[in-house]
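Asker: Dumping the structure here so I can ask a few things about it.
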Amino acid sequence: MKSLLKSILTISALSSLIVAPVLLSPGQASAETKKGTDASYVGAGIAAGVTSGGQGINDDATFGGNVTGRLKLGNTPFSARGNVLWSDQTTAIIPEVSVDVPIANRTNAYLTGGYSFVEKDGSATPIGNKDAVVVGAGVESEVANNFLVYTNAKVGISAYQNSDTPAVSINAGIGYSFK
């Protein structure tokens, strides 16, 4: 229970760091309609694990990459998402569902829930070294015709072997949208 509470507090703090710059950005008209984005996309970028399991064996903070996809689910506020986070040792595949909230023109904030499947259990990825429940928060914004930028934080609940420490990964990238 203590690690779950710690994970929720961690994701809340990281969410604030991700969402606050978008909400506080100058130049947004107060009367502007917050349409958000309905774009489905595939993107690639970096993934940085920022925590360690504390056991010293394949559980250090790990830097790698990510491939991310979003499929908007009709006229609902939900999307199906898929992520692959990798390191030099192995990959983690994370299917997720998100709730998307328009926060500015062509920009969404989102909360996700899913599960991380680590390809080689015990080997380090940016989101831990074992299969785990994953929650996250992020922001995505269309910056040009058919191009988006995204950033998110993910927390793997008890995602390290022999440790109940949550794994935290910060991810960012550029996506190509299709509608």
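So you can find residues: chains in the structure tokens are A, B, ... in the order shown, residues in each start at 1, and ligands are numbered from 1 in order.
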Which neighbours of Val42 in chain A fall inside 9 Å, counting only C-alpha atoms, when residues of the same chain fewer than 2 positions from it are skipped, and could you give them as JSON, numbers by chain?

Answerer: {"A": [40, 44, 67, 68, 69, 70, 71, 174, 175, 176, 177, 178]}

Asker: Tell me which protein, DNA and RNA residues are within 6 Å of Gly49 in chain A, counting only C-alpha atoms, leaving out same-chain ones fewer than 5 positions away, and put them as a PDB file with all heavy atoms, in the first residue's frame.

Answerer:
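Ended up saving to around-v9.pdb:
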ATOM      1  N   ALA A  61      18.732   3.205 -13.254  1.00  0.00           N
ATOM      2  CA  ALA A  61      18.055   4.105 -14.187  1.00  0.00           C
ATOM      3  C   ALA A  61      18.690   3.898 -15.559  1.00  0.00           C
ATOM      4  O   ALA A  61      19.913   3.834 -15.685  1.00  0.00           O
ATOM      5  CB  ALA A  61      18.210   5.546 -13.729  1.00  0.00           C
ATOM      6  N   THR A  62      17.861   3.747 -16.580  1.00  0.00           N
ATOM      7  CA  THR A  62      18.338   3.379 -17.914  1.00  0.00           C
ATOM      8  C   THR A  62      17.836   4.351 -18.963  1.00  0.00           C
ATOM      9  O   THR A  62      16.674   4.744 -18.946  1.00  0.00           O
ATOM     10  CB  THR A  62      17.834   1.961 -18.272  1.00  0.00           C
ATOM     11  OG1 THR A  62      18.282   1.050 -17.270  1.00  0.00           O
ATOM     12  CG2 THR A  62      18.338   1.510 -19.614  1.00  0.00           C
ATOM     13  N   PHE A  63      18.712   4.725 -19.887  1.00  0.00           N
ATOM     14  CA  PHE A  63      18.360   5.604 -21.000  1.00  0.00           C
ATOM     15  C   PHE A  63      18.130   4.746 -22.239  1.00  0.00           C
ATOM     16  O   PHE A  63      18.806   3.749 -22.441  1.00  0.00           O
ATOM     17  CB  PHE A  63      19.484   6.608 -21.256  1.00  0.00           C
ATOM     18  CG  PHE A  63      19.149   7.624 -22.298  1.00  0.00           C
ATOM     19  CD1 PHE A  63      18.337   8.698 -21.983  1.00  0.00           C
ATOM     20  CD2 PHE A  63      19.619   7.493 -23.589  1.00  0.00           C
ATOM     21  CE1 PHE A  63      18.006   9.643 -22.942  1.00  0.00           C
ATOM     22  CE2 PHE A  63      19.298   8.434 -24.556  1.00  0.00           C
ATOM     23  CZ  PHE A  63      18.494   9.512 -24.221  1.00  0.00           C
ATOM     24  N   PRO A 126      13.800   1.336 -19.509  1.00  0.00           N
ATOM     25  CA  PRO A 126      13.511   2.605 -18.843  1.00  0.00           C
ATOM     26  C   PRO A 126      12.328   2.550 -17.877  1.00  0.00           C
ATOM     27  O   PRO A 126      12.149   3.461 -17.082  1.00  0.00           O
ATOM     28  CB  PRO A 126      13.222   3.553 -20.009  1.00  0.00           C
ATOM     29  CG  PRO A 126      13.994   2.980 -21.157  1.00  0.00           C
ATOM     30  CD  PRO A 126      13.876   1.494 -20.975  1.00  0.00           C
ATOM     31  N   VAL A 168      10.087   4.935 -12.762  1.00  0.00           N
ATOM     32  CA  VAL A 168       9.584   6.138 -13.413  1.00  0.00           C
ATOM     33  C   VAL A 168      10.383   6.372 -14.688  1.00  0.00           C
ATOM     34  O   VAL A 168      11.613   6.350 -14.678  1.00  0.00           O
ATOM     35  CB  VAL A 168       9.695   7.372 -12.488  1.00  0.00           C
ATOM     36  CG1 VAL A 168       9.212   8.621 -13.202  1.00  0.00           C
ATOM     37  CG2 VAL A 168       8.901   7.146 -11.209  1.00  0.00           C
ATOM     38  N   SER A 169       9.658   6.610 -15.777  1.00  0.00           N
ATOM     39  CA  SER A 169      10.272   6.893 -17.073  1.00  0.00           C
ATOM     40  C   SER A 169       9.694   8.184 -17.631  1.00  0.00           C
ATOM     41  O   SER A 169       8.480   8.391 -17.596  1.00  0.00           O
ATOM     42  CB  SER A 169       9.994   5.742 -18.041  1.00  0.00           C
ATOM     43  OG  SER A 169      10.534   6.015 -19.320  1.00  0.00           O
TER      44      SER A 169
END

Asker: Would you kindly return, as a compact mmCIF listing (two decimals) with N, CA and C atoms, in the first residue's frame, each protein, DNA or RNA residue with an atom no farther than 10 Å from any atom of Asp100 in chain A, considering only C-alpha atoms and excluding same-chain residues fewer than 2 positions away?

Answerer:
# COMPACT_ATOMS: atom_id res chain seq x y z
N GLY A 36 -8.36 20.89 -28.66
CA GLY A 36 -7.49 19.73 -28.52
C GLY A 36 -7.12 19.15 -29.87
N THR A 37 -6.74 17.88 -29.89
CA THR A 37 -6.42 17.20 -31.14
C THR A 37 -7.07 15.82 -31.16
N ASP A 38 -7.61 15.46 -32.32
CA ASP A 38 -8.18 14.13 -32.53
C ASP A 38 -7.23 13.26 -33.35
N LYS A 72 -7.20 7.31 -31.84
CA LYS A 72 -8.37 7.99 -31.27
C LYS A 72 -9.58 7.07 -31.43
N THR A 76 -15.27 9.78 -28.60
CA THR A 76 -15.15 9.65 -27.15
C THR A 76 -13.88 10.37 -26.69
N PRO A 77 -13.72 10.57 -25.40
CA PRO A 77 -12.47 11.16 -24.90
C PRO A 77 -11.38 10.11 -24.67
N PHE A 78 -11.56 8.91 -25.24
CA PHE A 78 -10.61 7.82 -25.01
C PHE A 78 -9.78 7.52 -26.24
N SER A 79 -8.59 7.01 -26.00
CA SER A 79 -7.69 6.56 -27.07
C SER A 79 -7.04 5.26 -26.65
N VAL A 97 -4.74 2.44 -22.34
CA VAL A 97 -5.94 3.20 -22.69
C VAL A 97 -5.77 4.55 -22.02
N SER A 98 -6.21 5.62 -22.72
CA SER A 98 -6.06 6.95 -22.13
C SER A 98 -7.37 7.71 -22.14
N PRO A 102 -8.77 18.07 -23.89
CA PRO A 102 -8.27 19.23 -24.63
C PRO A 102 -7.90 20.35 -23.65
N ILE A 103 -6.69 20.90 -23.80
CA ILE A 103 -6.27 21.98 -22.91
C ILE A 103 -5.93 23.26 -23.68
N THR A 107 -3.98 20.75 -28.75
CA THR A 107 -3.18 20.21 -27.65
C THR A 107 -4.06 19.48 -26.65
N ASN A 108 -3.63 18.28 -26.26
CA ASN A 108 -4.31 17.47 -25.24
C ASN A 108 -3.37 17.18 -24.08
N ALA A 109 -3.94 17.07 -22.91
CA ALA A 109 -3.30 16.40 -21.79
C ALA A 109 -3.98 15.04 -21.70
N TYR A 110 -3.29 14.03 -21.18
CA TYR A 110 -3.91 12.71 -21.08
C TYR A 110 -3.38 11.94 -19.89
N LEU A 111 -4.25 11.07 -19.38
CA LEU A 111 -3.90 10.12 -18.32
C LEU A 111 -4.03 8.72 -18.89
N THR A 112 -3.09 7.85 -18.56
CA THR A 112 -3.09 6.51 -19.13
C THR A 112 -3.04 5.44 -18.05
N ALA A 137 0.92 10.08 -17.39
CA ALA A 137 0.31 11.36 -17.75
C ALA A 137 1.19 12.02 -18.79
N GLY A 138 0.56 12.76 -19.70
CA GLY A 138 1.35 13.40 -20.73
C GLY A 138 0.62 14.53 -21.43
N VAL A 139 1.33 15.10 -22.40
CA VAL A 139 0.81 16.18 -23.24
C VAL A 139 1.23 15.89 -24.66
N GLU A 140 0.31 16.13 -25.61
CA GLU A 140 0.61 15.99 -27.03
C GLU A 140 0.07 17.22 -27.74

Asker: Point out the residue among A:Ser123, A:Thr51, A:Ser116, A:Ser87 with the least atom-to-atom distance to Gln161 in chain A, counting only C-alpha atoms.

Answerer: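 When distances to Gln161 in chain A are compared using only C-alpha atoms, the smallest one comes from A:Ser123.
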
Asker: What does the structure give for the distance between CA of Thr125 in chain A and CA of Ala167 in chain A, in Å to one decimal?

Answerer: 9.6 Å

Asker: What's the 7 Å shell around Glu96 in chain A, counting only C-alpha atoms, without same-chain residues fewer than 6 positions away, as an mmCIF file with C-alpha atoms, in the first residue's frame?

Answerer:
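The resulting file, part-v1.cif, is shown below:
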data_model
loop_
_atom_site.group_PDB
_atom_site.id
_atom_site.type_symbol
_atom_site.label_atom_id
_atom_site.label_comp_id
_atom_site.auth_asym_id
_atom_site.auth_seq_id
_atom_site.Cartn_x
_atom_site.Cartn_y
_atom_site.Cartn_z
ATOM 1 C CA ALA A 80 -5.887 3.253 -27.424
ATOM 2 C CA ARG A 81 -2.152 3.706 -27.095
ATOM 3 C CA GLY A 82 0.854 1.493 -27.533
ATOM 4 C CA THR A 112 -3.088 6.506 -19.133
ATOM 5 C CA GLY A 113 -3.359 3.085 -17.607
ATOM 6 C CA GLY A 114 -1.894 -0.133 -18.937
ATOM 7 C CA TYR A 115 0.536 -2.975 -18.403
#

Asker: State, in Å with one decimal place, the distance from CA of Ala47 in chain A to CA of Ser141 in chain A.

Answerer: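 That distance, rounded to one decimal, is 18.3 Å.
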
Asker: In Å, how far is it from CA of Asp131 in chain A to CA of Val149 in chain A?

Answerer: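 Separation between CA of Asp131 in chain A and CA of Val149 in chain A: 27.5 Å.
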
Asker: Go through A:Val118, A:Ala153, A:Val84, A:Ala104 and flag the residue nearest Val135 in chain A, using only C-alpha atoms for the distances.

Answerer: A:Ala153
